[in-house]
$ cat structure.txt   # compact mmCIF, C-alpha atoms
# COMPACT_ATOMS: atom_id res chain seq x y z
CA MET A 1 67.79 -44.00 25.63
CA THR A 2 67.90 -43.82 29.41
CA ARG A 3 65.88 -45.84 31.87
CA SER A 4 64.21 -44.39 34.93
CA PRO A 5 65.17 -46.22 38.16
CA ASP A 6 61.58 -45.89 39.44
CA ALA A 7 59.95 -47.59 36.46
CA PRO A 8 62.13 -50.55 35.40
CA GLY A 9 59.75 -51.59 32.62
CA GLN A 10 59.56 -48.14 31.02
CA GLU A 11 62.15 -46.79 28.63
CA TYR A 12 62.53 -43.03 28.52
CA ALA A 13 63.97 -40.86 25.82
CA GLU A 14 66.89 -38.74 26.85
CA ARG A 15 64.76 -36.10 28.51
CA CYS A 16 65.73 -35.98 32.15
CA PHE A 17 65.37 -32.70 34.02
CA ARG A 18 67.36 -32.11 37.23
CA SER A 19 68.68 -29.10 39.12
CA SER A 20 72.48 -28.98 38.96
CA ALA A 21 72.50 -26.33 41.71
CA GLY A 22 70.40 -28.57 43.94
CA ILE A 23 72.68 -31.54 43.37
CA GLY A 24 75.81 -29.51 44.06
CA GLY A 25 74.33 -28.01 47.21
CA GLY A 26 73.16 -31.42 48.37
CA VAL A 27 76.61 -32.96 48.01
CA LEU A 28 78.14 -30.11 50.04
CA LEU A 29 75.46 -30.38 52.74
CA LEU A 30 75.90 -34.14 52.99
CA ALA A 31 79.65 -33.79 53.35
CA LEU A 32 79.35 -31.07 56.00
CA THR A 33 76.65 -32.89 57.97
CA ALA A 34 78.54 -36.19 57.87
CA TRP A 35 81.76 -34.47 59.00
CA LEU A 36 80.11 -32.65 61.93
CA GLY A 37 78.06 -35.67 62.98
CA GLY A 38 80.98 -38.07 62.66
CA ASP A 39 83.21 -35.78 64.71
CA ALA A 40 80.58 -35.57 67.45
CA MET A 41 80.18 -39.36 67.48
CA LEU A 42 83.94 -39.94 67.75
CA ARG A 43 84.86 -37.15 70.17
CA GLY A 44 81.63 -36.62 72.11
CA THR A 45 81.09 -37.69 75.69
CA GLY A 46 78.03 -38.87 77.58
CA ASN A 47 75.03 -39.18 75.31
CA ALA A 48 76.50 -36.76 72.72
CA PRO A 49 77.45 -39.61 70.31
CA TRP A 50 73.90 -40.96 70.44
CA LEU A 51 72.47 -37.49 69.88
CA ALA A 52 74.78 -37.09 66.89
CA LEU A 53 73.68 -40.45 65.50
CA ALA A 54 70.01 -39.52 65.90
CA GLY A 55 70.68 -36.15 64.28
CA LEU A 56 72.35 -37.81 61.30
CA LEU A 57 69.49 -40.27 60.98
CA PHE A 58 67.09 -37.33 60.92
CA ALA A 59 69.04 -34.93 58.66
CA LEU A 60 70.66 -37.10 55.99
CA PRO A 61 67.43 -38.48 54.46
CA LEU A 62 65.98 -34.96 54.35
CA ILE A 63 69.04 -33.59 52.57
CA VAL A 64 68.88 -36.39 50.01
CA ALA A 65 65.12 -35.90 49.57
CA PHE A 66 65.25 -32.16 48.88
CA THR A 67 68.50 -31.93 46.88
CA LEU A 68 69.60 -35.15 45.18
CA ARG A 69 66.29 -36.95 44.72
CA PRO A 70 64.12 -34.53 42.66
CA ALA A 71 64.07 -35.42 38.95
CA VAL A 72 61.64 -35.43 36.04
CA TRP A 73 61.73 -38.05 33.28
CA ALA A 74 59.75 -37.42 30.10
CA GLY A 75 59.15 -40.47 27.93
CA GLU A 76 57.02 -41.32 24.94
CA ASP A 77 54.09 -42.56 27.02
CA ARG A 78 54.32 -40.88 30.38
CA LEU A 79 55.87 -38.29 32.65
CA LEU A 80 57.56 -39.51 35.81
CA VAL A 81 58.00 -36.91 38.53
CA ARG A 82 60.25 -37.71 41.47
CA ASN A 83 59.69 -35.17 44.25
CA PRO A 84 61.21 -35.23 47.76
CA PHE A 85 58.76 -37.74 49.24
CA ARG A 86 56.64 -38.90 46.31
CA THR A 87 57.10 -40.43 42.88
CA ILE A 88 54.24 -39.54 40.55
CA THR A 89 53.66 -41.39 37.28
CA LEU A 90 51.50 -39.44 34.83
CA PRO A 91 50.45 -40.99 31.50
CA TRP A 92 50.43 -38.22 28.93
CA ALA A 93 46.68 -38.65 28.33
CA SER A 94 46.04 -37.70 31.97
CA VAL A 95 48.12 -34.49 31.82
CA GLU A 96 45.82 -31.47 31.65
CA GLY A 97 48.47 -28.77 31.62
CA VAL A 98 52.02 -27.77 32.51
CA ARG A 99 53.00 -24.30 33.65
CA ALA A 100 55.78 -22.32 35.30
CA GLY A 101 54.71 -19.37 37.48
CA TYR A 102 56.61 -18.95 40.71
CA SER A 103 57.10 -22.72 40.63
CA SER A 104 56.88 -25.41 37.96
CA GLU A 105 53.65 -27.40 38.09
CA VAL A 106 51.83 -30.12 36.19
CA PHE A 107 48.06 -30.68 36.36
CA ALA A 108 46.69 -34.19 35.97
CA GLY A 109 43.59 -36.03 37.14
CA GLY A 110 42.19 -32.84 38.67
CA LYS A 111 45.25 -32.41 40.93
CA LYS A 112 48.34 -30.24 40.90
CA TYR A 113 51.86 -31.62 41.31
CA GLN A 114 54.96 -29.49 41.72
CA LEU A 115 58.07 -30.21 39.67
CA TRP A 116 60.83 -29.81 42.24
CA ALA A 117 63.49 -30.71 39.68
CA ILE A 118 62.66 -27.65 37.53
CA PRO A 119 63.07 -24.64 39.85
CA VAL A 120 61.94 -21.25 38.57
CA SER A 121 64.51 -18.44 38.61
CA LEU A 122 62.90 -15.01 38.32
CA LYS A 123 66.36 -13.52 37.75
CA GLN A 124 66.98 -15.72 34.72
CA ARG A 125 63.47 -15.01 33.44
CA LYS A 126 64.01 -11.24 33.66
CA ARG A 127 67.40 -11.55 31.95
CA ALA A 128 65.87 -13.55 29.08
CA ALA A 129 62.99 -11.04 28.78
CA ARG A 130 65.41 -8.12 28.54
CA ARG A 131 67.35 -9.87 25.82
CA GLN A 132 64.17 -10.60 23.86
CA VAL A 133 63.18 -6.91 24.02
CA ARG A 134 66.66 -5.82 22.95
CA ASP A 135 66.76 -8.25 20.02
CA ALA A 136 63.26 -7.21 18.92
CA ALA A 137 64.30 -3.54 18.96
CA GLU A 138 67.37 -4.31 16.88
CA ASP A 139 65.26 -6.19 14.32
CA VAL A 140 62.91 -3.21 13.98
CA THR A 141 65.66 -0.64 13.53
CA GLY A 142 67.83 -2.95 11.44
CA ARG A 143 70.90 -1.93 13.40
CA ALA A 144 73.12 -4.12 15.55
CA SER A 145 73.87 -3.20 19.11
CA VAL A 146 77.23 -1.47 19.73
CA THR A 147 77.80 -3.72 22.73
CA PRO A 148 78.68 -7.40 22.33
CA ARG A 149 75.59 -9.62 22.42
CA PRO A 150 75.81 -12.15 25.28
CA SER A 151 75.47 -15.77 24.36
CA GLY A 152 72.65 -17.80 25.87
CA PRO A 153 69.06 -18.84 25.34
CA LEU A 154 66.29 -16.34 24.69
CA ARG A 155 64.14 -18.04 27.34
CA ALA A 156 64.77 -18.92 30.96
CA PRO A 157 65.79 -22.60 31.34
CA SER A 158 62.72 -23.40 33.44
CA ASP A 159 60.36 -21.83 30.88
CA GLN A 160 62.05 -23.73 28.05
CA ALA A 161 61.77 -27.00 29.99
CA ILE A 162 58.05 -26.40 30.58
CA GLU A 163 57.52 -25.66 26.89
CA ASP A 164 59.32 -28.91 25.99
CA LEU A 165 57.06 -30.83 28.38
CA ARG A 166 53.95 -29.23 26.85
CA GLU A 167 55.03 -30.36 23.38
CA LEU A 168 55.72 -33.89 24.61
CA ALA A 169 52.32 -34.01 26.33
CA GLU A 170 50.52 -32.90 23.17
CA ARG A 171 52.36 -35.41 20.99
CA GLY A 172 52.04 -38.32 23.39
CA ALA A 173 48.45 -37.92 24.62
CA SER A 174 46.99 -39.89 21.73
CA ARG A 175 49.39 -42.82 21.99
CA GLU A 176 47.90 -46.15 23.03
CA GLY A 177 50.50 -46.64 25.74
CA ALA A 178 49.91 -43.13 27.14
CA GLN A 179 46.40 -43.88 28.45
CA GLY A 180 45.68 -44.29 32.13
CA SER A 181 45.38 -42.35 35.37
CA PRO A 182 48.04 -40.84 37.65
CA SER A 183 49.66 -43.03 40.28
CA VAL A 184 51.62 -41.97 43.37
CA ARG A 185 54.21 -43.88 45.37
CA TRP A 186 55.47 -42.53 48.70
CA ALA A 187 59.19 -42.65 49.49
CA TYR A 188 58.92 -44.44 52.84
CA GLU A 189 62.63 -45.26 52.65
CA LEU A 190 63.36 -41.58 53.27
CA PHE A 191 60.82 -40.14 55.68
CA VAL A 192 60.56 -43.21 57.94
CA PRO A 193 64.29 -43.11 58.95
CA SER A 194 64.04 -39.34 59.34
CA ALA A 195 61.00 -39.68 61.61
CA VAL A 196 62.79 -42.35 63.68
CA GLY A 197 65.81 -40.08 64.02
CA LEU A 198 63.61 -37.19 65.18
CA VAL A 199 61.86 -39.33 67.80
CA LEU A 200 65.18 -40.76 69.03
CA PHE A 201 66.76 -37.30 69.22
CA ALA A 202 63.80 -35.94 71.20
CA ALA A 203 63.85 -38.92 73.59
CA LEU A 204 67.59 -38.54 74.22
CA ALA A 205 67.30 -34.79 74.73
CA ILE A 206 64.48 -35.23 77.26
CA ALA A 207 66.36 -38.00 79.09
CA GLY A 208 69.36 -35.73 79.35
$ encode --input "structure.txt" --output "structure tokens"
Amino acid sequence: MTRSPDAPGQEYAERCFRSSAGIGGGVLLLALTAWLGGDAMLRGTGNAPWLALAGLLFALPLIVAFTLRPAVWAGEDRLLVRNPFRTITLPWASVEGVRAGYSSEVFAGGKKYQLWAIPVSLKQRKRAARRQVRDAAEDVTGRASVTPRPSGPLRAPSDQAIEDLRELAERGASREGAQGSPSVRWAYELFVPSAVGLVLFAALAIAG
């Protein structure tokens, strides 16, 4: 069992969805931004160090918000969605549907919430579809392909994740602890520092 950091009283089964590509890209962006900003603060002259500080204050929270922060926890009673600037708690009884089109989305309480942690890859979806067609053709003819069959799932990872969430929603909707309405908490700890950094940067740039 794992425990979500945003809901200390709620235990979640080991169903945590995150984007490994987003995390890797976020770490690289943080390192690059910190290196460039730190160099400007140490070597800059005039108001350049202050501009660099304001730029870091603006950029670092945004990088964290859009790369490292997104995650989805699926538990027995509820779905917890952590997007860049919001954390949405959805009891399974309130979930009306989950789908993956050009983006992954969950519908609850008459509203739509995107699942940033489950990005949709059209390339992976097309690759999985081609493999399904090839395997179906081989089953009909009863002959194996002359080329080696690549290993991997028959569905795109995002589509499989959405299907897993649908099954969890159907199983959990009737649970006593899964009743309730959606709740949203804003991540003020991220966009407030970023807004302060933007205002400070603009003030310093105007002052020259």
$ atom_distance --input "structure.txt" --atom1 "atom CA of Gly177 of chain A" --atom2 "atom CA of Pro84 of chain A"
27.0 Å
$ atom_distance --input "structure.txt" --atom1 "atom CA of Glu167 of chain A" --atom2 "atom CA of Arg185 of chain A"
25.8 Å
$ residues_around --input "structure.txt" --residues "Val81 of chain A" --least-positions-apart "5" --cutoff "8 Å" --atoms "only C-alpha atoms" --output "count of residues only"
9
$ residues_near_point --input "structure.txt" --point "(53.1, -24.2, 38.9)" --cutoff "12 Å" --atoms "all atoms listed in the file" --output "JSON, numbers by chain"
{"A": [97, 98, 99, 100, 101, 102, 103, 104, 105, 106, 107, 111, 112, 113, 114, 115, 116, 118, 119, 120, 158, 159, 162]}
$ atom_distance --input "structure.txt" --atom1 "atom CA of Thr33 of chain A" --atom2 "atom CA of Leu60 of chain A"
7.6 Å
$ closest_residue --input "structure.txt" --among "A:Ala31, A:Trp50, A:Phe58, A:Gly172" --to "Gly208 of chain A" --atoms "only C-alpha atoms"
A:Trp50
$ residues_around --input "structure.txt" --residues "Val199 of chain A" --least-positions-apart "4" --cutoff "9 Å" --atoms "all atoms listed in the file" --output "VMD selection string"
chain A and resid 54 58 194 to 195 203 to 204
$ residues_around --input "structure.txt" --residues "Leu51 of chain A" --least-positions-apart "4" --cutoff "9 Å" --atoms "all atoms listed in the file" --output "MDAnalysis selection string"
chainID A and resid 40:41 47 55:56 200:202 204:205
$ residues_around --input "structure.txt" --residues "Glu176 of chain A" --least-positions-apart "5" --cutoff "12 Å" --atoms "all atoms listed in the file" --output "list in words"
Glu76, Asp77, Arg78, Pro91, Trp92, Ala93 and Arg171 of chain A
$ residues_around --input "structure.txt" --residues "Thr67 of chain A" --least-positions-apart "2" --cutoff "12 Å" --atoms "all atoms listed in the file" --output "CSV table (one decimal) with C-alpha atoms, keeping the file's coordinate frame"
chain,number,residue,atom,x,y,z
A,18,ARG,CA,67.4,-32.1,37.2
A,19,SER,CA,68.7,-29.1,39.1
A,20,SER,CA,72.5,-29.0,39.0
A,21,ALA,CA,72.5,-26.3,41.7
A,22,GLY,CA,70.4,-28.6,43.9
A,23,ILE,CA,72.7,-31.5,43.4
A,24,GLY,CA,75.8,-29.5,44.1
A,25,GLY,CA,74.3,-28.0,47.2
A,26,GLY,CA,73.2,-31.4,48.4
A,27,VAL,CA,76.6,-33.0,48.0
A,28,LEU,CA,78.1,-30.1,50.0
A,29,LEU,CA,75.5,-30.4,52.7
A,30,LEU,CA,75.9,-34.1,53.0
A,60,LEU,CA,70.7,-37.1,56.0
A,61,PRO,CA,67.4,-38.5,54.5
A,62,LEU,CA,66.0,-35.0,54.4
A,63,ILE,CA,69.0,-33.6,52.6
A,64,VAL,CA,68.9,-36.4,50.0
A,65,ALA,CA,65.1,-35.9,49.6
A,69,ARG,CA,66.3,-37.0,44.7
A,70,PRO,CA,64.1,-34.5,42.7
A,71,ALA,CA,64.1,-35.4,39.0
A,82,ARG,CA,60.2,-37.7,41.5
A,83,ASN,CA,59.7,-35.2,44.2
A,84,PRO,CA,61.2,-35.2,47.8
A,85,PHE,CA,58.8,-37.7,49.2
A,116,TRP,CA,60.8,-29.8,42.2
A,117,ALA,CA,63.5,-30.7,39.7
A,118,ILE,CA,62.7,-27.6,37.5
A,119,PRO,CA,63.1,-24.6,39.8
$ closest_residue --input "structure.txt" --among "A:Ser94, A:Ala156, A:Arg86, A:Phe191" --to "Arg175 of chain A" --atoms "only C-alpha atoms"
A:Ser94
$ closest_residue --input "structure.txt" --among "A:Ala187, A:Leu168, A:Ala74, A:Leu122" --to "Cys16 of chain A" --atoms "only C-alpha atoms"
A:Ala74
